[in-house]
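First the structure, in the form of structure tokens, and then the observations on it.
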Amino acid sequence: MKFLVLGRGKTGALAAEVAAERGHEVISMGSAENKDAQGLTPDLLKTIDVVIDFTTPHAVIPNIIRCAEAGVPLVVGTTGWHQHIEKVKELVRERRAAFVYGSNFSVGMNLFFRSVKAMAPALQHGYRARIVEKHHVHKKDKPSGTAITIQKLLESGAGEAGAEKVEITSIREGDTVGMHVVVLDAPHDTIVMTHDAKSRLGYAEGAVRAAEWLKGKTGFYEFPDVMDQL
């Protein structure tokens, strides 16, 4: 397959490396070459089998629109654009496009999501939840998309007891890849769950595998729903 990786940051660069190592032809495009998606010309996109986006919240929506209109499958690992997700789903349906989104493409984190979902009913039994997430100083969105996913999982499992919003504390320091801590606290005990990413390679590998899986499909998919099929 021929991959186009959008974003030359640390995770985008790793995704390009992983795709090449898995035998794909890869080209990359940075922000200077693709301002407002102007680099995604019809002539370029007709040569591309799949696009992977690790850009910024500001850049991702124009990229999604260009790829959907051109019928090119797209995997998005960029976060911070959740307010537009329903409109993106509608666009994908209208264009019969192929799209995979993940707030986190790490297999370990997606197993962590399942653990959080399993523990969420604790909020119906007197526990209060909070989330602490820590990332590098250059991360654009706050809180992280991963933390927002965890928040939704906790609140959806809380039932009527979950009317109170689960608090997220965001920390930006150093070159931290990504740490997420879930604390469930009650008068008699405390449950602490932690996922600490050692490198960005897990994100990159998951995104590339999702791109391979997307070939020949149409529809809007979220990575946790397809992870077991990879």
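Simple scheme: letters A, B, ... for chains in structure tokens order, numbers from 1 for residues in each chain, numbers from 1 for ligands in the order shown.
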If DSSP is run on the backbone, what residues of chain A are strand (DSSP E or B)? A reply as number ranges by chain would be ideal. A: 2-6, 25-29, 50-53, 74-76, 98-101, 128-135, 167-172, 178-185, 190-197, 219-222
Where does segment 77-190 of chain A meet segment 205-211 of chain A within 12 Å, residue by residue, with the nearest atom pair and distance in Å to one decimal for each, counting only C-alpha atoms, listed by chain and rising number, as a tab-separated table?
residue	atom	partner	partner_atom	distance
A:Gly77	CA	A:Ala207	CA	7.1
A:Thr78	CA	A:Ala207	CA	10.8
A:Ala98	CA	A:Ala211	CA	9.8
A:Phe99	CA	A:Ala211	CA	9.0
A:Val100	CA	A:Ala210	CA	7.2
A:Tyr101	CA	A:Ala207	CA	9.1
A:Gly102	CA	A:Ala207	CA	8.4
A:Ser103	CA	A:Ala207	CA	10.8
A:Asn104	CA	A:Gly206	CA	8.6
A:Phe105	CA	A:Gly206	CA	4.9
A:Ser106	CA	A:Gly206	CA	5.8
A:Val107	CA	A:Gly206	CA	6.8
A:Gly108	CA	A:Gly206	CA	10.1
A:Met109	CA	A:Gly206	CA	10.7
A:Asn110	CA	A:Gly206	CA	10.3
Could you write those residues out with N, CA and C atoms, as a compact mmCIF listing (two decimals), in the first residue's frame?
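File produced: part01.txt:
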# COMPACT_ATOMS: atom_id res chain seq x y z
N GLY A 77 -5.23 9.99 14.39
CA GLY A 77 -4.78 9.87 15.77
C GLY A 77 -4.69 11.22 16.45
N THR A 78 -5.01 12.27 15.73
CA THR A 78 -5.04 13.62 16.30
C THR A 78 -6.24 13.75 17.23
N ALA A 98 -14.08 5.94 4.27
CA ALA A 98 -13.53 4.97 5.22
C ALA A 98 -12.70 5.73 6.24
N PHE A 99 -13.01 5.54 7.52
CA PHE A 99 -12.44 6.40 8.55
C PHE A 99 -12.29 5.62 9.85
N VAL A 100 -11.11 5.71 10.45
CA VAL A 100 -10.89 5.16 11.80
C VAL A 100 -10.35 6.27 12.68
N TYR A 101 -10.98 6.44 13.83
CA TYR A 101 -10.52 7.44 14.80
C TYR A 101 -10.17 6.74 16.12
N GLY A 102 -9.11 7.22 16.75
CA GLY A 102 -8.79 6.74 18.08
C GLY A 102 -8.20 7.85 18.92
N SER A 103 -8.70 8.02 20.14
CA SER A 103 -8.06 8.97 21.04
C SER A 103 -6.70 8.44 21.49
N ASN A 104 -6.51 7.12 21.31
CA ASN A 104 -5.24 6.51 21.67
C ASN A 104 -5.14 5.18 20.92
N PHE A 105 -4.10 4.99 20.13
CA PHE A 105 -3.96 3.77 19.33
C PHE A 105 -3.08 2.71 19.99
N SER A 106 -2.72 2.91 21.22
CA SER A 106 -1.96 1.90 21.96
C SER A 106 -2.87 0.74 22.34
N VAL A 107 -2.43 -0.48 22.04
CA VAL A 107 -3.20 -1.66 22.43
C VAL A 107 -3.33 -1.71 23.94
N GLY A 108 -2.25 -1.40 24.66
CA GLY A 108 -2.29 -1.42 26.12
C GLY A 108 -3.31 -0.44 26.68
N MET A 109 -3.37 0.77 26.11
CA MET A 109 -4.34 1.74 26.59
C MET A 109 -5.76 1.30 26.29
N ASN A 110 -5.98 0.67 25.15
CA ASN A 110 -7.32 0.22 24.84
C ASN A 110 -7.77 -0.93 25.74
Hey, which of A:Lys139, A:Lys152, A:Lys117, A:Lys134 ends up closest to Ile171 of chain A? Count only C-alpha atoms.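 Among the listed residues, A:Lys134 lies closest to Ile171 of chain A.
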Within 9 Å of Leu40 of chain A, counting only C-alpha atoms, which residues show up once you throw out same-chain ones fewer than 5 positions away? Write them as a VMD selection string, please. chain A and resid 34 45 63 66 to 67
For a test of reading the model, state the distance in Å between atom CA of Ser170 of chain A and atom CA of Leu184 of chain A, rounded to one decimal. 17.2 Å
Could you tell me how far atom CA of Gly12 of chain A sits from atom CA of Ile65 of chain A, in Å to one decimal place?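 Distance between the two atoms: 19.5 Å.
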Between A:Gly219, A:Arg130, A:Leu230, A:Gly159, single out the one closest to Arg93 of chain A, counting only C-alpha atoms.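 That would be A:Gly219, the residue with the smallest distance to Arg93 of chain A.
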Neighbours of Val181 of chain A within 6 Å (only C-alpha atoms; same-chain residues fewer than 4 positions away dropped), as a count of residues only? 4
So, counting only C-alpha atoms, which residue among A:Trp81, A:Val75, A:Leu44, A:Ala70 is closest to Arg95 of chain A?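 When distances to Arg95 of chain A are compared using only C-alpha atoms, the smallest one comes from A:Ala70.
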So which residues touch Glu133 of chain A within 10 Å, counting only C-alpha atoms, skipping near sequence neighbours fewer than 3 positions away, as a list in words?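 Close residues of Glu133 of chain A: Lys142, Pro143, Ser144, Thr146, Ala147, Ile168, Thr169, Ser170, Ile171, Arg172, Gly178, Met179, His180, Val181, Val182, Thr194, His195 and Asp196 of chain A.
Nearest residue to Met1 of chain A, choosing from A:Lys215, A:Met227, A:Val177, A:Ala197 and counting only C-alpha atoms: A:Lys215.
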